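Student: Take a look at this one; I'll ask things after.
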Amino acid sequence: MNDGTRGHGGPRFHLALAASKAAAAGLKLMRRNAGQMPGVIAERIDPVFLAHIEKPRRIVFVSGTNGKTTTNNLLNDLLTDNGVRHVDNRAGGNVIAGVESTLIKNASLAGHQRVDTAVMELDELSFRRVLPHVTPDILLVTNLYRDSFSRNANPDFIFSVMSEHISPDTKLILNADDLISCRLAPQNRNRVYFSIGRLAEDTPEPQGIACDLTACPECGGRLEYDYCHLRHLGRAHCTSCGFANPDPAYEVVSVDRAAHAFTVRENAAPGAPTYTYRFGVYSITNLYNLFAATVVAREMGLAPEAIAASLERGINVTAARYAEQEVGGKRLVALASKGENSTATSVALDTIRREPGDKIVILMLADAHKAESPTTTEYIGWYYQSDFEYLTDPAIKQVIAQGVTNEDLLLRLSLAGIDPAKLYMVTTPDEAADAVDLSCGVDNIFWAYDIFNGADVDKSRSRL
């Protein structure tokens, strides 16, 4: 789609390119990833730098409220494992400066792109700054939920920002189970849907104390659900206007948790063939992320046998979001979620609750970056949209909370009905480890943490 797109800036653009490439080289020497700084420098010199720089011939963007980082990383790993040369922005820049930095590092001094394929994560709010200058060949949207209130307001606002900037020429890959995001960009008719069929653990209605889809998004009528996989994701129809989930081209028709395998039927292909793929640690979010990555890989031309072989070789959810180890007969598991995100946190807590055996849960949810900033305060209202009630499960023997918002969190945990005898409030990661009662016979310790608190988790786990 971006074939023939050449940089057409004048001296200002070439000065911006030279300066930003020099910055990228300098940061590399300092062993820093240059995730955004080259792009920031380029924009300071040439405010429309992204419009001027040459683009790769094929561009894929991965976006959505939850799962975009994990899905993007899985997709990049699949492509790399299959010898597809491409560039990505997984070093840390899913906003416009990060996209620019990726293109800068892939460009020659003359401004020509060295590799013809780019696969990048794209922040939802960045659609309005990036998509006017870049038309992706493929755009995957994983889902739309409520996100950080102080930044993203509500799903309706994010939907409108994304929808109006999507080109009719882009192939949209959308989650048919999400009646919010599946309606994106009605001006676009080039649409591919994916869906997970009914599962044994499904619920009859949306889960959680907060729901992002309480009525038909078309007419406001009553939604009647057949089943829900996760929050509002599932199959439903409007009793007034008949609005319902679109038909999927790719559909998970069975999941064998014992065999660590899921089977996908390609409904749009002749004969509707089925293919079986391996997953690692099961959760519905892991399944959605891995399934979405395989769908994009298929749409990019990878054969199902090649994808299956890559997954057999161990490509899976990155350790940055899920890490498990066994030490001294104890299972230590860390589950990350987006900060100030009630859906991601609720899903993490529900995943822990569903794990077998007695367990201890360590909460590290206060945003470490905001805690260090003298000008920023974390909005803690999201605690009251998160399902801390999951922690009342009798199998959870201790709940340990660490972070600067502990007093706010203590109030929320108390309102959730958690036994005060199970609650421990601590200040440091070391104290979180020391508070674990290893004498109570529990063999499973879980960390539920904000993605910026990985270092604190490492300290706590190492001490434990």
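Residues are named by chain letter and number: chains run A, B, ... in the order of the structure tokens, numbers start at 1 in each chain, and ligands are numbered from 1 in the order shown.
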Determine, using only C-alpha atoms, which residues of stretch 295-402 of chain A have any atom at most 9 Å from an atom of stretch 81-97 of chain A, and tabulate each with its shortest atom pair and distance in Å to one decimal place, rows ordered by chain and then rising number, as a tab-separated table.
Tutor:
```
residue	atom	partner	partner_atom	distance
A:Leu302	CA	A:Asn82	CA	8.1
A:Ala306	CA	A:Asn82	CA	7.2
A:Ile307	CA	A:Asn82	CA	8.1
A:Ser310	CA	A:Asp81	CA	6.4
A:Ile315	CA	A:Asp81	CA	8.7
```
Student: Just want the 12 Å neighbourhood of A:Glu305, counted on only C-alpha atoms, with same-chain residues fewer than 3 positions away dropped. Output as a list in words.
Tutor: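 Once the nearby chain positions are removed, what remains is Asn82, Thr274, Tyr275, Thr276, Tyr277, Arg278, Thr294, Ala297, Arg298, Gly301, Leu302, Ala308, Ala309, Ser310, Leu311 and Glu312 of chain A.
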Student: Applying 12 Å and only C-alpha atoms, which residues near A:Pro356 remain after dropping the ones on its own chain fewer than 2 positions away? List them as a compact mmCIF listing (two decimals) with all heavy atoms, in the first residue's frame.
Tutor:
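Output contents, as saved in around04.txt:
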```
# COMPACT_ATOMS: atom_id res chain seq x y z
N ARG A 331 5.58 -22.07 43.85
CA ARG A 331 5.32 -21.52 42.51
C ARG A 331 5.19 -20.01 42.63
O ARG A 331 4.31 -19.50 43.33
CB ARG A 331 4.04 -22.14 41.96
CG ARG A 331 3.67 -21.70 40.56
CD ARG A 331 2.48 -22.53 40.08
NE ARG A 331 1.94 -22.01 38.83
CZ ARG A 331 0.66 -21.69 38.64
NH1 ARG A 331 -0.20 -21.83 39.64
NH2 ARG A 331 0.25 -21.24 37.48
N THR A 351 -7.84 -14.20 36.96
CA THR A 351 -6.94 -15.28 36.55
C THR A 351 -6.29 -15.93 37.76
O THR A 351 -6.22 -17.16 37.86
CB THR A 351 -5.85 -14.74 35.60
OG1 THR A 351 -6.48 -14.18 34.43
CG2 THR A 351 -4.90 -15.85 35.17
N ILE A 352 -5.85 -15.11 38.70
CA ILE A 352 -5.25 -15.63 39.93
C ILE A 352 -6.27 -16.45 40.72
O ILE A 352 -5.98 -17.55 41.20
CB ILE A 352 -4.70 -14.47 40.79
CG1 ILE A 352 -3.50 -13.82 40.07
CG2 ILE A 352 -4.29 -14.95 42.18
CD1 ILE A 352 -3.03 -12.53 40.72
N ARG A 353 -7.47 -15.90 40.85
CA ARG A 353 -8.52 -16.58 41.60
C ARG A 353 -8.82 -17.97 41.03
O ARG A 353 -9.09 -18.92 41.78
CB ARG A 353 -9.79 -15.72 41.57
CG ARG A 353 -11.01 -16.35 42.23
CD ARG A 353 -12.20 -15.40 42.17
NE ARG A 353 -12.66 -15.16 40.81
CZ ARG A 353 -13.78 -15.67 40.29
NH1 ARG A 353 -14.53 -16.45 41.02
NH2 ARG A 353 -14.14 -15.39 39.06
N ARG A 354 -8.76 -18.10 39.72
CA ARG A 354 -9.11 -19.35 39.07
C ARG A 354 -7.98 -20.38 39.11
O ARG A 354 -8.20 -21.56 38.79
CB ARG A 354 -9.49 -19.10 37.60
CG ARG A 354 -10.80 -18.33 37.43
CD ARG A 354 -10.99 -17.92 35.97
NE ARG A 354 -12.20 -17.16 35.76
CZ ARG A 354 -13.37 -17.70 35.39
NH1 ARG A 354 -13.47 -19.00 35.22
NH2 ARG A 354 -14.42 -16.94 35.20
N ASP A 358 -4.25 -23.22 47.16
CA ASP A 358 -4.22 -22.04 48.01
C ASP A 358 -3.13 -21.10 47.53
O ASP A 358 -2.13 -21.54 46.93
CB ASP A 358 -3.96 -22.44 49.46
CG ASP A 358 -5.14 -23.18 50.08
OD1 ASP A 358 -6.24 -23.10 49.50
OD2 ASP A 358 -4.96 -23.83 51.11
N LYS A 359 -3.29 -19.82 47.83
CA LYS A 359 -2.34 -18.85 47.27
C LYS A 359 -2.24 -17.60 48.13
O LYS A 359 -3.11 -17.30 48.95
CB LYS A 359 -2.74 -18.48 45.84
CG LYS A 359 -4.10 -17.83 45.70
CD LYS A 359 -4.79 -18.19 44.38
CE LYS A 359 -5.31 -19.58 44.38
NZ LYS A 359 -6.23 -19.90 43.28
N ASP A 393 -11.93 -14.83 47.65
CA ASP A 393 -11.94 -16.28 47.46
C ASP A 393 -11.25 -16.97 48.65
O ASP A 393 -10.15 -16.57 49.06
CB ASP A 393 -11.21 -16.63 46.16
CG ASP A 393 -11.39 -18.08 45.77
OD1 ASP A 393 -10.80 -18.95 46.43
OD2 ASP A 393 -12.12 -18.35 44.80
N PRO A 394 -11.86 -18.01 49.22
CA PRO A 394 -11.28 -18.67 50.39
C PRO A 394 -9.89 -19.25 50.16
O PRO A 394 -9.12 -19.43 51.11
CB PRO A 394 -12.29 -19.79 50.70
CG PRO A 394 -13.56 -19.36 50.07
CD PRO A 394 -13.18 -18.57 48.87
N ALA A 395 -9.56 -19.55 48.90
CA ALA A 395 -8.24 -20.11 48.60
C ALA A 395 -7.13 -19.08 48.71
O ALA A 395 -5.94 -19.45 48.74
CB ALA A 395 -8.24 -20.74 47.21
N ILE A 396 -7.48 -17.80 48.78
CA ILE A 396 -6.48 -16.74 48.92
C ILE A 396 -6.29 -16.48 50.42
O ILE A 396 -7.17 -15.98 51.10
CB ILE A 396 -6.92 -15.46 48.19
CG1 ILE A 396 -7.03 -15.74 46.69
CG2 ILE A 396 -5.94 -14.32 48.45
CD1 ILE A 396 -7.59 -14.59 45.87
N VAL A 442 1.08 -22.59 52.00
CA VAL A 442 0.69 -22.17 50.65
C VAL A 442 1.88 -22.32 49.70
O VAL A 442 3.00 -21.90 50.01
CB VAL A 442 0.21 -20.70 50.65
CG1 VAL A 442 0.00 -20.20 49.23
CG2 VAL A 442 -1.08 -20.59 51.45
N ASP A 443 1.63 -22.93 48.56
CA ASP A 443 2.70 -23.17 47.59
C ASP A 443 2.65 -22.24 46.38
O ASP A 443 3.48 -22.37 45.47
CB ASP A 443 2.63 -24.62 47.10
CG ASP A 443 2.95 -25.62 48.20
OD1 ASP A 443 3.74 -25.27 49.10
OD2 ASP A 443 2.40 -26.74 48.17
N ASN A 444 1.67 -21.32 46.33
CA ASN A 444 1.52 -20.43 45.17
C ASN A 444 1.54 -18.98 45.63
O ASN A 444 0.68 -18.57 46.42
CB ASN A 444 0.21 -20.72 44.45
CG ASN A 444 0.09 -22.17 44.01
OD1 ASN A 444 0.72 -22.59 43.05
ND2 ASN A 444 -0.72 -22.95 44.71
N ILE A 445 2.51 -18.21 45.13
CA ILE A 445 2.58 -16.78 45.44
C ILE A 445 2.47 -16.02 44.12
O ILE A 445 3.21 -16.28 43.17
CB ILE A 445 3.88 -16.40 46.16
CG1 ILE A 445 3.97 -17.12 47.52
CG2 ILE A 445 3.94 -14.90 46.40
CD1 ILE A 445 4.75 -18.40 47.48
```
Student: Applying 9 Å and only C-alpha atoms, which residues near stretch 455-457 of chain A remain after dropping the ones on its own chain fewer than 5 positions away? List them as a list in words.
Tutor: Ala334, Met364, Ala368, Thr428, Pro429, Asp430, Trp447, Tyr449 and Ser462 of chain A
Student: Pick out the closest residue to A:Ser346 from this set: A:Ser386, A:Asn267, A:Asn72, A:Ser101. Count only C-alpha atoms.
Tutor: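 Closest to A:Ser346, using only C-alpha atoms: A:Ser386.
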Student: If you count only C-alpha atoms, which residues fall within 7 Å of stretch 191-193 of chain A, apart from same-chain ones fewer than 5 positions away, as a list in words?
Tutor: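 Here the answer would be Lys171, Leu172, Ile173, Leu174, Asn175, Ala176, Asp247, Pro248, Ala249 and Tyr250 of chain A.
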Student: Provide the atom CA of A:Leu391 to atom CA of A:Leu363 distance in Å, to one decimal place.
Tutor: 10.7 Å
Student: Based on DSSP run over this structure's backbone, return all residues of stretch 83-300 of chain A in strand (DSSP E), as a PyMOL selection string.
Tutor: chain A and resi 87-88+117-121+138-141+171-175+191-196+223-230+233-238+250-256+261-266+274-278
Student: Of the candidates A:Arg231, A:Arg257, A:Lys21, A:Arg463, which one gets nearest to A:Asp350 if we count only C-alpha atoms?
Tutor: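 So, comparing all the options, the nearest one is A:Arg231.
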Student: Within 9 Å of A:His232, counting only C-alpha atoms, which residues show up once you throw out same-chain ones fewer than 5 positions away? Write them as a PyMOL selection string, please.
Tutor: chain A and resi 145+177-179+205-207+211-214
Student: Print the selection's residues with C-alpha atoms to a file, as a CSV table (one decimal), in the first residue's frame.
Tutor:
```
chain,number,residue,atom,x,y,z
A,145,TYR,CA,-12.6,-1.1,27.1
A,177,ASP,CA,-16.7,-10.8,20.0
A,178,ASP,CA,-16.4,-7.1,20.9
A,179,LEU,CA,-19.6,-5.2,19.9
A,205,GLU,CA,-23.7,-12.1,31.1
A,206,PRO,CA,-20.9,-9.6,31.2
A,207,GLN,CA,-18.6,-10.0,34.3
A,211,CYS,CA,-19.5,-2.9,32.1
A,212,ASP,CA,-18.5,-1.0,29.0
A,213,LEU,CA,-21.5,-2.2,27.0
A,214,THR,CA,-24.8,-1.9,28.8
```
Student: In Å, rounded to a single decimal, give me how far atom CA of A:Leu27 is from atom CA of A:Gly39.
Tutor: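 Between atom CA of A:Gly39 and atom CA of A:Leu27 the gap works out to 12.7 Å.
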Student: For A:Val62, list every protein, DNA or RNA residue within 6 Å, evaluated using only C-alpha atoms, and leave out those in the same chain fewer than 4 positions away; present the list as a PyMOL selection string.
Tutor: chain A and resi 68+121-122+139-140
Student: Calculated over only C-alpha atoms, which of the candidates A:Val252, A:Ala236, A:Arg321, A:Thr65 has the smallest distance to A:Phe159?
Tutor: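 Distance minimum relative to A:Phe159 lands on A:Thr65.
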Student: Measure the distance from atom CA of A:Leu335 to atom CA of A:Asn286 in Å and round it to one decimal.
Tutor: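 According to the coordinates, atom CA of A:Leu335 and atom CA of A:Asn286 are separated by 11.5 Å.
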Student: What are the DSSP helix (DSSP H, G or I) residues of stretch 243-449 of chain A, as number ranges by chain?
Tutor: A: 284-299, 304-312, 342-354, 368-372, 380-385, 388-392, 406-415, 420-422, 429-434, 438-440
Student: Identify which of the residues A:Ala272, A:Leu233, A:Leu223, A:Ile451 lies closest to A:Tyr288, counting only C-alpha atoms when measuring atom-to-atom distances.
Tutor: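 When distances to A:Tyr288 are compared using only C-alpha atoms, the smallest one comes from A:Leu233.
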